[in-house]
Each structure stands twice: as structure tokens, then as C-alpha cells.
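Have a look at final_30.pdb; it's PDB, C-alpha atoms:
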```pdb
ATOM      1  CA  MET A1074     -52.765   7.357  66.053  1.00  0.00           C
ATOM      2  CA  LYS A1075     -54.754   6.806  62.834  1.00  0.00           C
ATOM      3  CA  THR A1076     -52.308   9.072  60.998  1.00  0.00           C
ATOM      4  CA  LEU A1077     -49.294   7.127  62.301  1.00  0.00           C
ATOM      5  CA  PHE A1078     -50.949   3.851  61.262  1.00  0.00           C
ATOM      6  CA  ALA A1079     -51.649   5.256  57.771  1.00  0.00           C
ATOM      7  CA  ILE A1080     -48.008   6.413  57.427  1.00  0.00           C
ATOM      8  CA  LEU A1081     -46.673   3.011  58.536  1.00  0.00           C
ATOM      9  CA  LEU A1082     -49.088   1.241  56.188  1.00  0.00           C
ATOM     10  CA  ALA A1083     -48.022   3.455  53.275  1.00  0.00           C
ATOM     11  CA  ALA A1084     -44.324   2.956  54.093  1.00  0.00           C
ATOM     12  CA  GLY A1085     -44.820  -0.813  54.160  1.00  0.00           C
ATOM     13  CA  ALA A1086     -46.592  -0.725  50.817  1.00  0.00           C
ATOM     14  CA  MET A1087     -43.792   1.339  49.293  1.00  0.00           C
ATOM     15  CA  GLN A1088     -41.156  -1.083  50.598  1.00  0.00           C
ATOM     16  CA  SER A1089     -42.947  -4.086  49.164  1.00  0.00           C
ATOM     17  CA  ALA A1090     -43.717  -2.357  45.842  1.00  0.00           C
ATOM     18  CA  PRO A1091     -40.265  -3.102  44.363  1.00  0.00           C
ATOM     19  CA  ALA A1092     -40.635  -6.766  45.318  1.00  0.00           C
ATOM     20  CA  LEU A1093     -44.063  -6.899  43.723  1.00  0.00           C
ATOM     21  CA  ALA A1094     -42.753  -5.189  40.599  1.00  0.00           C
ATOM     22  CA  GLU A1095     -39.850  -7.634  40.482  1.00  0.00           C
ATOM     23  CA  SER A1096     -42.070 -10.679  40.774  1.00  0.00           C
ATOM     24  CA  SER A1097     -44.569  -9.406  38.208  1.00  0.00           C
ATOM     25  CA  SER A1098     -41.813  -8.551  35.739  1.00  0.00           C
ATOM     26  CA  ALA A1099     -39.852 -11.727  36.447  1.00  0.00           C
ATOM     27  CA  LYS A1100     -38.585 -13.426  33.344  1.00  0.00           C
ATOM     28  CA  VAL A1101     -40.611 -16.268  31.935  1.00  0.00           C
ATOM     29  CA  PRO A1102     -38.495 -19.424  32.175  1.00  0.00           C
ATOM     30  CA  ALA A1103     -36.765 -20.470  28.973  1.00  0.00           C
ATOM     31  CA  PRO A1104     -38.563 -23.223  27.088  1.00  0.00           C
ATOM     32  CA  SER A1105     -37.379 -26.750  27.738  1.00  0.00           C
ATOM     33  CA  PRO A1106     -34.503 -27.879  25.506  1.00  0.00           C
ATOM     34  CA  LEU A1107     -36.533 -31.070  24.940  1.00  0.00           C
ATOM     35  CA  LEU A1108     -38.969 -29.209  22.685  1.00  0.00           C
ATOM     36  CA  GLY A1109     -38.375 -30.003  19.018  1.00  0.00           C
ATOM     37  CA  SER A1110     -37.765 -33.039  16.842  1.00  0.00           C
ATOM     38  CA  TRP A1111     -35.152 -35.698  17.439  1.00  0.00           C
ATOM     39  CA  ALA A1112     -33.855 -38.547  15.232  1.00  0.00           C
ATOM     40  CA  VAL A1113     -32.471 -41.752  16.716  1.00  0.00           C
ATOM     41  CA  ASP A1114     -29.020 -42.916  15.641  1.00  0.00           C
ATOM     42  CA  VAL A1115     -30.174 -46.248  14.170  1.00  0.00           C
ATOM     43  CA  SER A1116     -26.567 -47.443  13.844  1.00  0.00           C
ATOM     44  CA  ARG A1117     -26.343 -47.516  17.654  1.00  0.00           C
ATOM     45  CA  LEU A1118     -29.612 -49.326  18.361  1.00  0.00           C
ATOM     46  CA  PRO A1119     -28.957 -52.455  20.447  1.00  0.00           C
ATOM     47  CA  ILE A1120     -30.865 -54.771  18.109  1.00  0.00           C
ATOM     48  CA  PRO A1121     -29.752 -56.938  15.177  1.00  0.00           C
ATOM     49  CA  LEU A1122     -29.009 -54.993  11.994  1.00  0.00           C
ATOM     50  CA  GLU A1123     -31.760 -56.707   9.988  1.00  0.00           C
ATOM     51  CA  ALA A1124     -34.393 -55.814  12.640  1.00  0.00           C
ATOM     52  CA  ARG A1125     -33.417 -52.149  13.008  1.00  0.00           C
ATOM     53  CA  PRO A1126     -35.894 -49.545  11.840  1.00  0.00           C
ATOM     54  CA  LYS A1127     -34.846 -47.283   8.984  1.00  0.00           C
ATOM     55  CA  SER A1128     -35.704 -44.236  11.100  1.00  0.00           C
ATOM     56  CA  VAL A1129     -37.263 -43.159  14.386  1.00  0.00           C
ATOM     57  CA  THR A1130     -38.225 -39.546  15.017  1.00  0.00           C
ATOM     58  CA  ILE A1131     -39.731 -38.209  18.221  1.00  0.00           C
ATOM     59  CA  THR A1132     -41.189 -34.721  18.513  1.00  0.00           C
ATOM     60  CA  PHE A1133     -42.044 -32.906  21.732  1.00  0.00           C
ATOM     61  CA  ALA A1134     -44.310 -29.849  21.318  1.00  0.00           C
ATOM     62  CA  ASP A1135     -45.923 -27.509  23.831  1.00  0.00           C
ATOM     63  CA  ALA A1136     -49.698 -27.956  23.596  1.00  0.00           C
ATOM     64  CA  GLY A1137     -50.460 -25.147  26.089  1.00  0.00           C
ATOM     65  CA  GLY A1138     -52.116 -25.508  29.463  1.00  0.00           C
ATOM     66  CA  ALA A1139     -49.121 -27.395  30.932  1.00  0.00           C
ATOM     67  CA  LYS A1140     -49.554 -30.163  28.341  1.00  0.00           C
ATOM     68  CA  TRP A1141     -47.196 -31.522  25.723  1.00  0.00           C
ATOM     69  CA  LYS A1142     -47.797 -33.330  22.467  1.00  0.00           C
ATOM     70  CA  VAL A1143     -45.541 -36.331  21.946  1.00  0.00           C
ATOM     71  CA  ASN A1144     -45.322 -37.748  18.415  1.00  0.00           C
ATOM     72  CA  VAL A1145     -43.283 -40.793  17.373  1.00  0.00           C
ATOM     73  CA  ASP A1146     -42.740 -41.651  13.693  1.00  0.00           C
ATOM     74  CA  ILE A1147     -41.058 -44.938  12.810  1.00  0.00           C
ATOM     75  CA  VAL A1148     -40.128 -46.394   9.441  1.00  0.00           C
ATOM     76  CA  ASP A1149     -39.519 -50.056  10.200  1.00  0.00           C
ATOM     77  CA  ALA A1150     -36.972 -52.359   8.582  1.00  0.00           C
ATOM     78  CA  GLY A1151     -39.470 -53.302   5.848  1.00  0.00           C
ATOM     79  CA  GLY A1152     -40.330 -49.674   5.067  1.00  0.00           C
ATOM     80  CA  SER A1153     -43.741 -49.599   6.791  1.00  0.00           C
ATOM     81  CA  LYS A1154     -44.622 -46.360   8.591  1.00  0.00           C
ATOM     82  CA  ILE A1155     -45.800 -46.413  12.190  1.00  0.00           C
ATOM     83  CA  ASN A1156     -47.080 -43.355  14.064  1.00  0.00           C
ATOM     84  CA  ALA A1157     -47.997 -43.052  17.741  1.00  0.00           C
ATOM     85  CA  TYR A1158     -48.931 -39.784  19.427  1.00  0.00           C
ATOM     86  CA  GLY A1159     -50.708 -38.242  22.356  1.00  0.00           C
ATOM     87  CA  THR A1160     -51.209 -35.100  24.381  1.00  0.00           C
ATOM     88  CA  TYR A1161     -50.205 -35.436  28.002  1.00  0.00           C
ATOM     89  CA  ALA A1162     -50.335 -33.192  31.063  1.00  0.00           C
ATOM     90  CA  LEU A1163     -46.904 -32.520  32.568  1.00  0.00           C
ATOM     91  CA  ASP A1164     -48.249 -33.470  36.012  1.00  0.00           C
ATOM     92  CA  GLY A1165     -48.009 -37.214  35.362  1.00  0.00           C
ATOM     93  CA  THR A1166     -51.715 -37.805  34.763  1.00  0.00           C
ATOM     94  CA  ALA A1167     -52.297 -40.813  32.499  1.00  0.00           C
ATOM     95  CA  ALA A1168     -53.972 -40.169  29.147  1.00  0.00           C
ATOM     96  CA  PRO A1169     -54.754 -42.376  26.147  1.00  0.00           C
ATOM     97  CA  GLY A1170     -52.331 -42.524  23.265  1.00  0.00           C
ATOM     98  CA  GLN A1171     -53.435 -42.464  19.651  1.00  0.00           C
ATOM     99  CA  GLY A1172     -52.267 -44.011  16.425  1.00  0.00           C
ATOM    100  CA  SER A1173     -50.312 -47.227  16.716  1.00  0.00           C
ATOM    101  CA  THR A1174     -50.827 -49.154  19.940  1.00  0.00           C
ATOM    102  CA  ILE A1175     -48.249 -51.862  19.209  1.00  0.00           C
ATOM    103  CA  GLU A1176     -46.200 -50.841  22.211  1.00  0.00           C
ATOM    104  CA  ALA A1177     -48.576 -48.762  24.357  1.00  0.00           C
ATOM    105  CA  ASP A1178     -52.092 -47.366  24.569  1.00  0.00           C
ATOM    106  CA  THR A1179     -51.642 -45.008  27.542  1.00  0.00           C
ATOM    107  CA  GLY A1180     -48.960 -42.557  28.622  1.00  0.00           C
ATOM    108  CA  ALA A1181     -48.058 -40.182  31.422  1.00  0.00           C
ATOM    109  CA  ILE A1182     -45.251 -37.606  31.502  1.00  0.00           C
ATOM    110  CA  ARG A1183     -43.463 -35.501  34.066  1.00  0.00           C
ATOM    111  CA  MET A1184     -40.522 -33.115  33.698  1.00  0.00           C
ATOM    112  CA  PRO A1185     -38.506 -32.999  36.957  1.00  0.00           C
ATOM    113  CA  VAL A1186     -36.036 -30.477  35.459  1.00  0.00           C
ATOM    114  CA  PRO A1187     -36.157 -28.598  32.122  1.00  0.00           C
ATOM    115  CA  ASN A1188     -33.852 -31.005  30.252  1.00  0.00           C
ATOM    116  CA  VAL A1189     -35.345 -34.297  31.528  1.00  0.00           C
ATOM    117  CA  LEU A1190     -38.675 -35.893  30.647  1.00  0.00           C
ATOM    118  CA  VAL A1191     -39.960 -39.104  32.219  1.00  0.00           C
ATOM    119  CA  LEU A1192     -42.527 -40.986  30.116  1.00  0.00           C
ATOM    120  CA  GLY A1193     -44.421 -43.941  31.534  1.00  0.00           C
ATOM    121  CA  LEU A1194     -46.254 -46.123  29.020  1.00  0.00           C
ATOM    122  CA  GLY A1195     -48.947 -48.711  29.608  1.00  0.00           C
ATOM    123  CA  LYS A1196     -50.670 -51.316  27.469  1.00  0.00           C
ATOM    124  CA  ASP A1197     -53.954 -53.049  28.278  1.00  0.00           C
ATOM    125  CA  GLY A1198     -53.910 -51.724  31.850  1.00  0.00           C
ATOM    126  CA  MET A1199     -50.388 -53.007  32.571  1.00  0.00           C
ATOM    127  CA  PRO A1200     -46.999 -51.223  32.681  1.00  0.00           C
ATOM    128  CA  ALA A1201     -45.278 -51.411  29.277  1.00  0.00           C
ATOM    129  CA  SER A1202     -42.149 -49.268  29.530  1.00  0.00           C
ATOM    130  CA  THR A1203     -40.564 -46.279  31.203  1.00  0.00           C
ATOM    131  CA  ARG A1204     -38.455 -43.870  29.175  1.00  0.00           C
ATOM    132  CA  ILE A1205     -36.251 -41.079  30.449  1.00  0.00           C
ATOM    133  CA  TYR A1206     -35.190 -38.464  27.895  1.00  0.00           C
ATOM    134  CA  THR A1207     -32.237 -36.273  28.821  1.00  0.00           C
ATOM    135  CA  VAL A1208     -30.979 -33.443  26.622  1.00  0.00           C
ATOM    136  CA  ASN A1209     -27.228 -32.994  26.876  1.00  0.00           C
ATOM    137  CA  ALA A1210     -25.716 -29.588  27.677  1.00  0.00           C
ATOM    138  CA  ASP A1211     -24.983 -28.963  23.983  1.00  0.00           C
ATOM    139  CA  GLY A1212     -28.756 -28.916  23.279  1.00  0.00           C
ATOM    140  CA  LYS A1213     -28.101 -30.914  20.107  1.00  0.00           C
ATOM    141  CA  SER A1214     -28.090 -34.450  21.475  1.00  0.00           C
ATOM    142  CA  MET A1215     -30.430 -36.436  23.679  1.00  0.00           C
ATOM    143  CA  VAL A1216     -30.189 -39.804  25.414  1.00  0.00           C
ATOM    144  CA  GLU A1217     -33.182 -42.056  26.009  1.00  0.00           C
ATOM    145  CA  THR A1218     -32.957 -44.623  28.775  1.00  0.00           C
ATOM    146  CA  ALA A1219     -35.762 -47.119  28.209  1.00  0.00           C
ATOM    147  CA  VAL A1220     -36.893 -49.880  30.520  1.00  0.00           C
ATOM    148  CA  ASN A1221     -39.315 -52.444  29.118  1.00  0.00           C
ATOM    149  CA  HIS A1222     -41.419 -54.376  31.593  1.00  0.00           C
ATOM    150  CA  ASN A1223     -41.879 -57.780  30.001  1.00  0.00           C
ATOM    151  CA  GLY A1224     -41.789 -59.838  33.180  1.00  0.00           C
ATOM    152  CA  VAL A1225     -38.093 -59.066  33.637  1.00  0.00           C
ATOM    153  CA  PRO A1226     -36.988 -55.425  33.268  1.00  0.00           C
ATOM    154  CA  VAL A1227     -34.803 -54.888  30.209  1.00  0.00           C
ATOM    155  CA  MET A1228     -32.898 -51.598  29.997  1.00  0.00           C
ATOM    156  CA  ARG A1229     -31.457 -50.024  26.855  1.00  0.00           C
ATOM    157  CA  THR A1230     -29.978 -46.684  25.844  1.00  0.00           C
ATOM    158  CA  ASN A1231     -30.792 -44.879  22.598  1.00  0.00           C
ATOM    159  CA  TYR A1232     -29.039 -41.819  21.194  1.00  0.00           C
ATOM    160  CA  PHE A1233     -30.828 -38.970  19.418  1.00  0.00           C
ATOM    161  CA  THR A1234     -29.739 -35.887  17.456  1.00  0.00           C
ATOM    162  CA  ARG A1235     -31.822 -32.716  17.196  1.00  0.00           C
ATOM    163  CA  ILE A1236     -33.302 -32.224  13.728  1.00  0.00           C
ATOM    164  CA  ARG A1237     -35.471 -29.176  14.622  1.00  0.00           C
TER     165      ARG A1237
END
```

Just dump the structure as C-alpha cells.
Amino acid sequence: MKTLFAILLAAGAMQSAPALAESSSAKVPAPSPLLGSWAVDVSRLPIPLEARPKSVTITFADAGGAKWKVNVDIVDAGGSKINAYGTYALDGTAAPGQGSTIEADTGAIRMPVPNVLVLGLGKDGMPASTRIYTVNADGKSMVETAVNHNGVPVMRTNYFTRIR
């Protein structure tokens, strides 16, 4: 009986060995197409020409440990440089932002699918804006849907092109 049990146990282990080998040699998922640097098309910004920034660049970088670095560089209409950045866990946990806090001082991110990132921003303990970044199938263009929470939600769409 012990011999039969040992044979059955060994046969079961041999049958599951290919599955174990498959799972341990499974391919690592491709990096998110969001990773990289993106420049906004300032000509399409829904604000008056004289108020438009000269440039807006956003960079998403893998910081390791299921965290991403988000960096925003803006050159405003007058030529002043503004930088806001932070490192955020992809699980939606809020973390403080750094640099400019004109628009936000806290952020949280989550990536429901590889080409979509949801960014929630807060300022002084209150919701500031929600931004949804979606990379198009071409991998070269990205759309940002932004909702500002200034008493009445205001929604706008911004268009980005990959620069790196």
C-alpha cells in the first residue's frame, strides 16, 4: 500500500511539474506603454491663447517596488518654469507630492490596465482633480481626461505626444 501511494504521489508530482515549470518560466508582462515622457499639444489646450503655457511635459518612470515616479515640467506663458513630482504606489495609496504645490500637494495612482493610469490629486486635504491618462494603440499618443473639483466639476481633454 505504501508503495502504491508513493507511485501515485510521484505520478502526481510529474504531472504537475510541467505546470510548475510553465508558471515559473512565464513571461514577465511587457512594461506599460505609459512609461516615458510626453509633451502636451499646447495648440489644443482649451484655454485662451495668451494664458497657454509654452510647454508641458509629463514623465512616468518605474521606481521599483510597484511604485512610479511622476514628474511634470511646465514652462508657463511668461516663461517661468514650474516642476511638480512625486513617487506613488500603484495601489492607490495617497502620498505627498513635491516641488510646486500650486495645483496639488498629494497624489494617488492606480493602473487598471497597462495603458491607463488614474491619478487623483488633493490640495490642503480636499480633492483637487482627477486625471485619466490613456495611451492610444499606436503607443505614440496619449489622451488626458482631467476633472477639476472647484465646487462644480469641470472636465477637459488634453492631447500628448511621446517624446521618449

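Here the PyMOL selection byres ((chain A and resi 1166-1175) around 10) captures the residues A:Val1143, A:Asn1144, A:Val1145, A:Asp1146, A:Lys1154, A:Ile1155, A:Asn1156, A:Ala1157, A:Tyr1158, A:Gly1159, A:Thr1160, A:Tyr1161, A:Ala1162, A:Leu1163, A:Asp1164, A:Gly1165, A:Glu1176, A:Ala1177, A:Asp1178, A:Thr1179, A:Gly1180, A:Ala1181, A:Ile1182, A:Arg1183, A:Gly1193, A:Leu1194, A:Gly1195, A:Lys1196, A:Asp1197.
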
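Going from atom CA of Gly1198 of chain A to atom CA of Thr1130 of chain A covers 26.0 Å.
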
Could you give me the centre and size, in Å to one decimal, of an axis-aligned box around all listed atoms of segment 1202-1219 of chain A with 3 Å added on every side, as lines of an AutoDock Vina configuration file?
```
center_x = -33.6
center_y = -39.1
center_z = 25.7
size_x = 23.2
size_y = 26.4
size_z = 17.1
```

Could you write out as number ranges by chain the residues that the PyMOL selection byres ((chain A and resi 1216) around 12) matches in the shown file?
-> A: 1107, 1111-1114, 1117-1118, 1188-1191, 1204-1210, 1212-1215, 1217-1219, 1229-1235

Near-Ala1134 of chain A list (8 Å; all atoms listed in the file; drop same-chain fewer than 6 positions) as a PyMOL selection string = chain A and resi 1108-1109+1141-1143

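One distance worth recording is that between atom CA of Arg1125 of chain A and atom CA of Pro1106 of chain A, which is 27.3 Å.
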
Residue list as a ChimeraX atom specification for point (-29.8, -58.6, 22.8), cut-off 10 Å, only C-alpha atoms | /A:1119-1121,1227,1229

Residue nearest Ala1139 of chain A - candidates A:Met1184, A:Met1199, A:Val1220, A:Ile1236, atoms counted: only C-alpha atoms | A:Met1184

Output the residue selection produced by the PyMOL selection byres ((chain A and resi 1223) around 9) on the file above, formatted as a PyMOL selection string.
-> chain A and resi 1200-1202+1221-1222+1224-1227

So how many Å separate atom CA of Val1186 of chain A and atom CA of Thr1203 of chain A, to one decimal?
-> 17.0 Å
